[in-house]
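Peer 1: My structure is stored as coords_5.tsv, with TSV, C-alpha atoms.
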```tsv
chain	number	residue	atom	x	y	z
A	22	MET	CA	117.74	68.79	77.20
A	23	PHE	CA	115.95	65.54	76.45
A	24	ASP	CA	114.98	65.64	72.77
A	25	TRP	CA	112.99	62.53	72.03
A	26	LYS	CA	113.44	62.42	68.26
A	27	ASN	CA	117.22	62.52	68.59
A	28	GLU	CA	117.20	59.75	71.18
A	29	LEU	CA	115.71	57.08	68.88
A	30	ASN	CA	118.50	55.88	66.65
A	31	ARG	CA	119.28	53.04	64.30
A	32	LYS	CA	122.68	51.62	63.50
A	33	GLY	CA	122.27	48.94	60.85
A	34	HIS	CA	119.79	46.42	62.22
A	35	ARG	CA	120.09	47.62	65.82
A	36	ILE	CA	117.79	50.24	67.34
A	37	ALA	CA	118.50	52.18	70.52
A	38	ILE	CA	116.91	54.80	72.70
A	39	SER	CA	119.57	56.95	74.35
A	40	GLY	CA	122.09	54.20	73.59
A	41	GLN	CA	120.03	51.39	75.15
A	42	PRO	CA	119.10	48.55	72.76
A	43	ILE	CA	115.40	48.25	72.08
A	44	ALA	CA	113.07	46.29	69.84
A	45	MET	CA	109.73	47.21	68.39
A	46	HIS	CA	106.98	44.75	69.18
A	47	CYS	CA	103.29	44.97	68.51
A	48	HIS	CA	100.32	44.31	70.78
A	49	HIS	CA	99.97	40.74	69.50
A	50	TYR	CA	103.33	39.72	70.95
A	51	ASN	CA	103.12	41.76	74.15
A	52	ILE	CA	99.67	40.47	74.97
A	53	ASN	CA	100.55	36.88	74.00
A	54	LEU	CA	103.50	36.96	76.38
A	55	GLN	CA	101.32	38.28	79.20
A	56	LYS	CA	98.64	35.65	78.56
A	57	THR	CA	101.20	32.84	78.35
A	58	LEU	CA	102.61	33.84	81.74
A	59	GLU	CA	99.21	34.32	83.38
A	60	ASP	CA	97.75	31.08	82.01
A	61	ASN	CA	100.73	28.90	82.86
A	62	MET	CA	102.15	30.42	86.02
A	63	GLY	CA	99.25	32.32	87.60
A	64	GLU	CA	100.36	34.88	90.19
A	65	ALA	CA	104.01	33.87	89.75
A	66	GLY	CA	103.71	34.80	86.06
A	67	VAL	CA	102.15	38.14	86.90
A	68	ASP	CA	104.98	38.79	89.35
A	69	LEU	CA	107.60	37.78	86.78
A	70	LEU	CA	106.20	40.23	84.25
A	71	TYR	CA	105.97	43.03	86.84
A	72	ARG	CA	109.53	42.45	88.11
A	73	SER	CA	110.99	42.18	84.60
A	74	VAL	CA	109.57	45.58	83.63
A	75	GLU	CA	110.47	47.11	86.98
A	76	GLU	CA	114.12	46.02	86.83
A	77	THR	CA	114.52	46.92	83.16
A	78	ILE	CA	113.07	50.43	83.37
A	79	TYR	CA	114.92	51.05	86.64
A	80	LEU	CA	118.26	50.40	84.95
A	81	GLY	CA	117.27	52.29	81.80
A	82	LEU	CA	116.06	55.39	83.59
A	83	SER	CA	118.95	55.41	86.08
A	84	ASN	CA	121.31	55.53	83.07
A	85	LEU	CA	119.19	58.19	81.39
A	86	PHE	CA	119.18	60.41	84.49
A	87	LYS	CA	122.99	60.13	84.54
A	88	GLN	CA	123.13	61.19	80.87
A	89	TYR	CA	120.94	64.20	81.60
A	90	PRO	CA	122.22	65.62	84.91
A	91	LYS	CA	120.21	68.82	84.42
A	92	ILE	CA	117.06	66.78	84.92
A	93	LYS	CA	117.26	66.64	88.70
A	94	THR	CA	114.03	67.90	90.24
A	95	LEU	CA	111.26	65.39	90.88
A	96	ASN	CA	108.89	67.23	88.55
A	97	SER	CA	111.36	67.25	85.66
A	98	LYS	CA	112.07	63.55	86.20
A	99	LEU	CA	108.34	62.74	86.22
A	100	GLU	CA	107.92	64.75	83.04
A	101	MET	CA	110.71	62.76	81.40
A	102	ILE	CA	109.20	59.46	82.62
A	103	SER	CA	105.79	60.34	81.13
A	104	LEU	CA	107.40	61.53	77.90
A	105	LEU	CA	109.37	58.31	77.55
A	106	TYR	CA	106.29	56.18	78.23
A	107	GLN	CA	104.27	58.08	75.64
A	108	ASN	CA	107.01	58.12	73.02
A	109	CYS	CA	107.60	54.41	73.38
A	110	GLY	CA	103.97	53.95	72.34
A	111	LEU	CA	103.07	52.61	75.78
A	112	GLY	CA	100.33	55.16	76.49
A	113	ILE	CA	99.72	58.09	78.83
A	114	LEU	CA	100.69	58.36	82.50
A	115	HIS	CA	99.56	61.25	84.73
A	116	PHE	CA	101.47	61.33	88.01
A	117	GLN	CA	99.31	62.78	90.77
A	118	SER	CA	100.12	63.65	94.38
A	119	VAL	CA	103.56	62.11	94.24
A	120	ARG	CA	105.17	61.94	97.69
A	121	PRO	CA	108.35	60.16	98.84
A	122	ASN	CA	106.45	57.08	100.00
A	123	LYS	CA	103.22	57.15	98.02
A	124	ALA	CA	101.68	58.32	94.79
A	125	LEU	CA	98.63	58.03	92.59
A	126	VAL	CA	99.02	57.55	88.85
A	127	LEU	CA	96.23	57.78	86.29
A	128	SER	CA	96.41	56.26	82.85
A	129	PRO	CA	93.64	57.19	80.41
A	130	SER	CA	95.11	55.05	77.61
A	131	SER	CA	97.73	52.37	77.13
A	132	HIS	CA	99.22	49.99	74.59
A	133	HIS	CA	98.44	46.99	76.77
A	134	VAL	CA	94.81	48.00	77.37
A	135	THR	CA	94.25	48.66	73.67
A	136	GLY	CA	96.03	45.42	72.78
A	137	TRP	CA	94.25	43.28	75.36
A	138	LEU	CA	90.81	44.59	74.43
A	139	ALA	CA	91.53	44.08	70.72
A	140	LYS	CA	92.64	40.47	71.23
A	141	HIS	CA	90.61	39.21	74.18
A	142	GLY	CA	87.94	41.76	75.08
A	143	ARG	CA	87.11	42.70	78.66
A	144	ARG	CA	88.53	40.80	81.59
A	145	ASP	CA	87.33	40.44	85.18
A	146	THR	CA	90.54	41.44	86.95
A	147	PRO	CA	92.94	44.37	86.52
A	148	GLY	CA	95.54	43.45	83.91
A	149	CYS	CA	98.05	46.30	83.56
A	150	HIS	CA	100.95	44.41	85.14
A	151	PHE	CA	103.35	45.96	82.65
A	152	ALA	CA	102.31	49.50	83.64
A	153	ARG	CA	102.52	48.63	87.36
A	154	GLY	CA	106.09	47.42	86.95
A	155	TRP	CA	106.96	50.42	84.81
A	156	ILE	CA	105.63	52.89	87.41
A	157	ALA	CA	107.42	51.10	90.27
A	158	GLY	CA	110.79	50.99	88.50
A	159	ALA	CA	110.47	54.57	87.22
A	160	LEU	CA	109.68	56.03	90.65
A	161	GLU	CA	112.43	53.97	92.29
A	162	ALA	CA	114.90	55.39	89.75
A	163	ALA	CA	113.56	58.94	90.21
A	164	TYR	CA	113.93	58.73	94.00
A	165	ARG	CA	117.14	56.64	93.79
A	166	HIS	CA	115.55	53.91	95.86
A	167	PRO	CA	116.54	50.27	95.30
A	168	VAL	CA	114.46	48.01	93.06
A	169	GLY	CA	111.53	46.61	95.03
A	170	TYR	CA	111.17	49.69	97.25
A	171	PHE	CA	107.68	50.48	95.98
A	172	SER	CA	104.70	48.28	95.37
A	173	VAL	CA	102.08	49.33	92.83
A	174	VAL	CA	98.47	48.20	92.92
A	175	GLU	CA	95.98	48.79	90.13
A	176	SER	CA	92.60	49.61	91.70
A	177	GLN	CA	90.77	50.51	88.48
A	178	CYS	CA	91.50	49.08	85.05
A	179	LYS	CA	90.13	49.83	81.60
A	180	MET	CA	90.56	46.15	80.73
A	181	SER	CA	87.80	45.45	83.24
A	182	ARG	CA	85.31	48.19	82.37
A	183	ASP	CA	86.67	51.14	84.35
A	184	ARG	CA	86.99	54.54	82.65
A	185	GLU	CA	90.68	54.89	83.44
A	186	CYS	CA	93.44	52.82	84.96
A	187	LEU	CA	94.35	53.98	88.47
A	188	PHE	CA	97.55	52.93	90.18
A	189	SER	CA	98.35	53.38	93.89
A	190	VAL	CA	102.01	53.45	94.81
A	191	ALA	CA	103.15	52.71	98.36
A	192	LYS	CA	106.32	51.64	100.14
A	193	ALA	CA	106.53	47.88	99.80
A	194	GLU	CA	106.06	45.85	102.96
A	195	LYS	CA	109.07	43.69	103.72
B	199	MET	CA	114.61	39.77	44.43
B	200	ALA	CA	112.76	43.04	44.08
B	201	ILE	CA	112.30	44.05	47.71
B	202	ASP	CA	114.30	47.08	48.83
B	203	GLY	CA	114.51	46.65	52.61
B	204	SER	CA	115.90	50.14	53.15
B	205	LYS	CA	112.61	51.69	51.99
B	206	ILE	CA	110.72	49.59	54.54
B	207	ILE	CA	113.17	50.43	57.33
B	208	HIS	CA	112.90	54.12	56.52
B	209	ALA	CA	109.10	54.02	56.60
B	210	ILE	CA	109.04	52.24	59.96
B	211	MET	CA	111.63	54.52	61.55
B	212	GLU	CA	109.70	57.59	60.44
B	213	GLY	CA	106.32	56.07	61.33
B	214	SER	CA	107.50	55.03	64.78
B	215	LYS	CA	108.20	58.68	65.60
B	216	ILE	CA	104.57	59.61	65.03
B	217	ARG	CA	102.19	59.18	67.92
B	218	GLU	CA	98.57	59.95	68.35
B	219	SER	CA	97.47	61.87	71.43
B	220	LYS	CA	96.84	58.67	73.39
B	221	GLY	CA	100.48	57.62	73.23
B	222	ILE	CA	99.73	54.72	70.89
B	223	ILE	CA	101.72	54.01	67.71
B	224	PRO	CA	99.41	52.64	65.03
B	225	ILE	CA	101.54	51.62	62.06
B	226	PHE	CA	101.38	48.88	59.41
B	227	GLY	CA	98.03	47.75	60.83
B	228	VAL	CA	99.31	47.03	64.36
B	229	TYR	CA	99.90	48.94	67.60
B	230	LEU	CA	103.64	49.22	68.03
B	231	SER	CA	105.65	49.65	71.23
B	232	LEU	CA	109.33	50.36	71.74
B	233	PHE	CA	110.99	48.76	74.72
B	234	SER	CA	114.29	47.40	75.91
B	235	VAL	CA	115.35	44.02	74.52
B	236	GLU	CA	116.52	43.25	78.04
B	237	TYR	CA	112.89	43.10	79.16
B	238	TYR	CA	111.94	40.55	76.52
B	239	ASN	CA	114.99	38.43	77.28
B	240	ARG	CA	114.41	38.56	81.04
B	241	LEU	CA	110.80	37.54	80.53
B	242	SER	CA	111.51	34.60	78.21
B	243	PHE	CA	114.56	33.19	79.96
B	244	SER	CA	113.15	33.67	83.48
B	245	PHE	CA	109.95	31.97	82.34
B	246	MET	CA	112.01	28.99	81.16
B	247	HIS	CA	113.97	28.98	84.40
B	248	LYS	CA	110.93	29.20	86.66
B	249	MET	CA	108.99	26.55	84.77
B	250	GLY	CA	111.92	24.24	85.53
B	251	ALA	CA	113.97	21.65	83.65
B	252	PRO	CA	111.27	18.93	83.57
B	253	GLN	CA	108.98	21.38	81.77
B	254	LYS	CA	111.66	22.62	79.35
B	255	GLU	CA	110.04	21.24	76.22
B	256	THR	CA	106.59	22.53	77.17
B	257	SER	CA	107.92	25.96	78.11
B	258	GLU	CA	109.84	26.29	74.85
B	259	LYS	CA	106.76	25.26	72.93
B	260	LEU	CA	104.65	27.87	74.72
B	261	LEU	CA	107.08	30.68	73.92
B	262	ILE	CA	107.47	29.61	70.30
B	263	GLU	CA	103.72	29.24	69.82
B	264	ALA	CA	103.10	32.63	71.42
B	265	ALA	CA	105.53	34.15	68.90
B	266	GLN	CA	104.13	32.19	65.95
B	267	GLU	CA	100.55	33.19	66.72
B	268	CYS	CA	101.77	36.77	67.13
B	269	GLY	CA	103.75	36.68	63.89
B	270	TYR	CA	100.77	35.22	62.06
B	271	ALA	CA	98.37	37.95	63.24
B	272	THR	CA	100.94	40.72	63.05
B	273	PHE	CA	102.11	40.09	59.51
B	274	GLN	CA	98.57	39.44	58.33
B	275	GLY	CA	97.78	42.93	59.67
B	276	ILE	CA	100.92	44.29	58.08
B	277	ARG	CA	100.24	42.91	54.61
B	278	ASN	CA	96.71	44.30	54.74
B	279	SER	CA	97.84	47.74	55.83
B	280	TRP	CA	97.86	50.99	53.90
B	281	GLU	CA	101.63	51.25	54.40
B	282	TRP	CA	102.24	47.80	52.90
B	283	ASP	CA	100.11	48.72	49.90
B	284	GLN	CA	101.97	51.97	49.38
B	285	ILE	CA	105.54	50.89	50.09
B	286	VAL	CA	105.91	47.14	49.64
B	287	VAL	CA	103.32	46.02	47.11
B	288	PRO	CA	104.94	48.01	44.25
B	289	MET	CA	108.15	46.02	44.86
B	290	ILE	CA	106.51	42.58	44.91
B	291	GLU	CA	107.01	40.51	41.77
B	292	THR	CA	106.61	36.94	43.06
B	293	ARG	CA	104.74	35.25	45.88
B	294	GLU	CA	108.05	34.67	47.66
B	295	ASP	CA	108.80	38.39	47.62
B	296	GLN	CA	106.24	38.75	50.41
B	297	ILE	CA	108.58	36.75	52.65
B	298	PHE	CA	111.44	39.11	51.79
B	299	GLY	CA	109.09	41.98	52.64
B	300	PHE	CA	108.15	40.41	55.99
B	301	THR	CA	111.84	39.87	56.74
B	302	ALA	CA	112.65	43.52	55.99
B	303	VAL	CA	109.90	44.59	58.40
B	304	ALA	CA	111.33	42.28	61.09
B	305	VAL	CA	114.78	43.82	60.57
B	306	ALA	CA	113.22	47.28	60.79
B	307	PHE	CA	111.63	46.26	64.11
B	308	GLY	CA	115.11	45.57	65.52
B	309	TRP	CA	114.72	41.79	65.78
B	310	GLY	CA	118.08	41.07	64.15
B	311	ASP	CA	119.94	41.14	60.85
B	312	LEU	CA	117.66	38.56	59.29
B	313	GLU	CA	118.36	37.19	55.86
B	314	VAL	CA	116.38	34.69	53.82
B	315	LYS	CA	118.90	32.08	52.66
B	316	LYS	CA	116.62	29.69	50.85
B	317	ILE	CA	112.99	29.21	49.92
B	318	VAL	CA	111.61	26.05	48.39
B	319	PRO	CA	108.09	27.23	47.50
B	320	GLY	CA	105.43	25.57	49.61
B	321	LYS	CA	107.96	23.34	51.38
B	322	LYS	CA	110.89	24.90	53.13
B	323	MET	CA	112.60	28.12	54.15
B	324	ILE	CA	115.94	28.86	55.79
B	325	LEU	CA	116.27	32.18	57.60
B	326	ARG	CA	119.57	33.31	59.12
B	327	ALA	CA	120.47	35.89	61.78
B	328	ASN	CA	124.03	36.83	62.66
B	329	ASP	CA	122.86	39.01	65.52
B	330	SER	CA	119.54	38.09	67.08
B	331	TYR	CA	118.85	39.97	70.31
B	332	GLU	CA	117.69	36.75	71.95
B	333	ALA	CA	120.97	34.87	71.37
B	334	THR	CA	122.99	37.93	72.35
B	335	GLY	CA	120.94	38.39	75.52
B	336	TYR	CA	121.23	34.73	76.49
B	337	LEU	CA	124.98	34.68	75.99
B	338	GLU	CA	125.44	37.84	78.04
B	339	GLN	CA	123.32	36.61	80.90
B	340	TYR	CA	123.97	32.85	81.04
B	341	GLY	CA	126.83	31.92	78.72
B	342	PHE	CA	126.61	29.00	76.32
B	343	SER	CA	123.50	26.88	76.11
B	344	ASP	CA	122.91	23.35	74.90
B	345	SER	CA	119.92	24.35	72.77
B	346	GLY	CA	118.67	27.20	70.59
B	347	LYS	CA	117.34	30.23	72.46
B	348	CYS	CA	115.72	32.38	69.78
B	349	TYR	CA	112.14	31.45	70.60
B	350	MET	CA	110.59	34.62	69.17
B	351	LEU	CA	112.39	34.38	65.83
B	352	ARG	CA	111.66	30.68	65.61
B	353	GLY	CA	107.93	31.27	65.97
B	354	VAL	CA	107.94	34.21	63.61
B	355	SER	CA	109.81	32.21	60.93
B	356	GLY	CA	107.07	29.61	61.04
B	357	ALA	CA	104.43	32.33	60.77
B	358	PHE	CA	106.01	33.71	57.58
B	359	MET	CA	105.54	30.34	55.86
B	360	ASP	CA	102.05	29.87	57.40
B	361	LEU	CA	100.95	33.13	55.80
B	362	ILE	CA	102.37	32.47	52.36
B	363	TYR	CA	101.91	28.72	51.91
B	364	GLY	CA	99.48	27.75	54.68
B	365	LYS	CA	95.72	27.51	54.42
B	366	GLU	CA	93.84	30.75	53.99
B	367	TYR	CA	93.96	33.05	57.01
B	368	PRO	CA	93.09	32.32	59.82
B	369	GLU	CA	93.17	28.55	59.17
B	370	GLY	CA	96.86	28.34	58.30
B	371	LEU	CA	98.40	28.94	61.72
B	372	PHE	CA	100.90	26.19	62.65
B	373	ASN	CA	100.76	24.61	59.18
B	374	PHE	CA	104.54	25.10	59.33
B	375	THR	CA	107.04	24.49	62.10
B	376	ALA	CA	110.44	26.06	62.62
B	377	GLN	CA	113.52	24.46	64.17
B	378	GLU	CA	116.66	26.30	65.17
B	379	PRO	CA	119.49	23.87	64.36
B	380	LEU	CA	122.13	26.57	64.69
B	381	CYS	CA	122.18	29.22	67.40
B	382	ARG	CA	124.89	31.57	68.61
B	383	ALA	CA	123.77	30.79	72.16
B	384	LYS	CA	125.08	27.24	71.50
B	385	GLY	CA	128.37	28.54	70.13
B	386	ASP	CA	127.42	28.50	66.45
B	387	THR	CA	128.55	31.36	64.22
B	388	TYR	CA	124.99	32.42	63.48
B	389	CYS	CA	121.42	31.44	64.22
B	390	GLU	CA	119.53	29.60	61.53
B	391	PHE	CA	115.86	28.73	61.33
B	392	LEU	CA	114.67	25.83	59.25
B	393	VAL	CA	110.95	25.98	58.49
B	394	THR	CA	109.16	22.94	57.11
B	395	LYS	CA	105.60	21.66	56.96
B	396	SER	CA	104.23	20.62	60.34
B	397	PRO	CA	103.98	16.83	60.67
B	398	ASN	CA	100.18	16.80	60.93
B	399	SER	CA	99.44	19.65	58.57
B	400	CYS	CA	97.27	18.93	55.55
B	401	GLN	CA	98.53	19.56	52.04
B	402	VAL	CA	98.21	23.28	51.37
```
Could I get this file's structure written as structure tokens?
Peer 2:
Amino acid sequence: MFDWKNELNRKGHRIAISGQPIAMHCHHYNINLQKTLEDNMGEAGVDLLYRSVEETIYLGLSNLFKQYPKIKTLNSKLEMISLLYQNCGLGILHFQSVRPNKALVLSPSSHHVTGWLAKHGRRDTPGCHFARGWIAGALEAAYRHPVGYFSVVESQCKMSRDRECLFSVAKAEK
Amino acid sequence: MAIDGSKIIHAIMEGSKIRESKGIIPIFGVYLSLFSVEYYNRLSFSFMHKMGAPQKETSEKLLIEAAQECGYATFQGIRNSWEWDQIVVPMIETREDQIFGFTAVAVAFGWGDLEVKKIVPGKKMILRANDSYEATGYLEQYGFSDSGKCYMLRGVSGAFMDLIYGKEYPEGLFNFTAQEPLCRAKGDTYCEFLVTKSPNSCQV
């Protein structure tokens, strides 16, 4: 089965998780990238960040599910998705009431929230675009839907004074 | 050179497997995340593309500055961390050794096979990468470019010199500027970063 500590490997200067090349970056870089996109592109920058995460995690998880064919029920896939998120240092995701066309996801802590608050303090609008994209791509991979099938909205965000981040997943309107 | 990079790599690989209950990786004074290099490349190169050709210079500058500011804060945190004190400080003999230590951390983070080729104290540094994930990603996605594409490494190279030879933290940011005269994305054999004093920076 999926053993996290065996999945993170280094060969020389290259690091991989389950064979997929990764890099370690800290909150300074991740938050700077987000702020650069938001400040210079507005909503288009937010969308670019969301889509980049969505497409990347979709491909990564689709490959991972192929490598682990025994992980085939929705619950076991959701467990793997949460485990991956946590072990990548991205935070905690609790999937709740997941149905084929909708879901609620709670996040009591995240790298981006911790990083944003440390660098910039509270903000007035929800800011977990990375997590939104991650949830969308992960659920699309779990259900074998195409990229863009789901849309994810963050209705509560710890970056803007809420206790937890709350994400609503629904089928995207065409 | 007294810095043993393998000790730093080992510490980071072991440390990055330890998480607190909130799913956060606090190590070397920063919060670390592990994610696909494809994401970072998509973000940077799509940003450049969407900003458009007339804005190329501005967009490049934004990405490089984002990385330099990050590198400046990150490596300041790193050199003030418990782990740095325990693992790296005992190996440091000269001021320049800190740059070798920073470079080993960057290699450990998976940013490329970085190697310091030359340091002229207070004036200049040349850093080389035979395999930067940015150049590799650009080549795979777009083919050859007419300019350097390693924006993150370019900014971080500048930050290394800012921290060692710039004004005291936090006043030294952008005291140095990095160029990338050679880049594999342009067809060069390796990527090379030349860091010199910024044109308007005061004597430090």
Peer 1: Of the candidates B:Ser214, B:Thr375, B:Ser399, B:Ser345, which one gets nearest to chain A if we count all atoms listed in the file?
Peer 2: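 Closest candidate: B:Ser214.
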Peer 1: Using only C-alpha atoms, which of the listed residues (A:Ala124, A:Ile78, A:Met45, A:Val190) sits closest to chain B?
Peer 2: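 Using only C-alpha atoms, the shortest distance to chain B belongs to A:Met45.
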Peer 1: What residues in chain A lie within 8 Å of chain B, counting only C-alpha atoms, written as a PyMOL selection string?
Peer 2: chain A and resi 26+34-36+41-50+53-54+57-58+62+66+69-70+73-74+77+106-113+129-132+136
Peer 1: By how many Å are atom CA of Gly148 of chain A and atom CA of Thr256 of chain B apart?
Peer 2: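 Computed distance, atom CA of Gly148 of chain A to atom CA of Thr256 of chain B, equals 24.6 Å.
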Peer 1: Just the number, please: distance in Å from atom CA of Gly275 of chain B to atom CA of Leu361 of chain B, one decimal.
Peer 2: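 Taking atom CA of Gly275 of chain B and atom CA of Leu361 of chain B, their separation equals 11.0 Å.
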Peer 1: So how far away is atom CA of His150 of chain A from atom CA of His247 of chain B, in Å?
Peer 2: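 So the answer is 20.2 Å.
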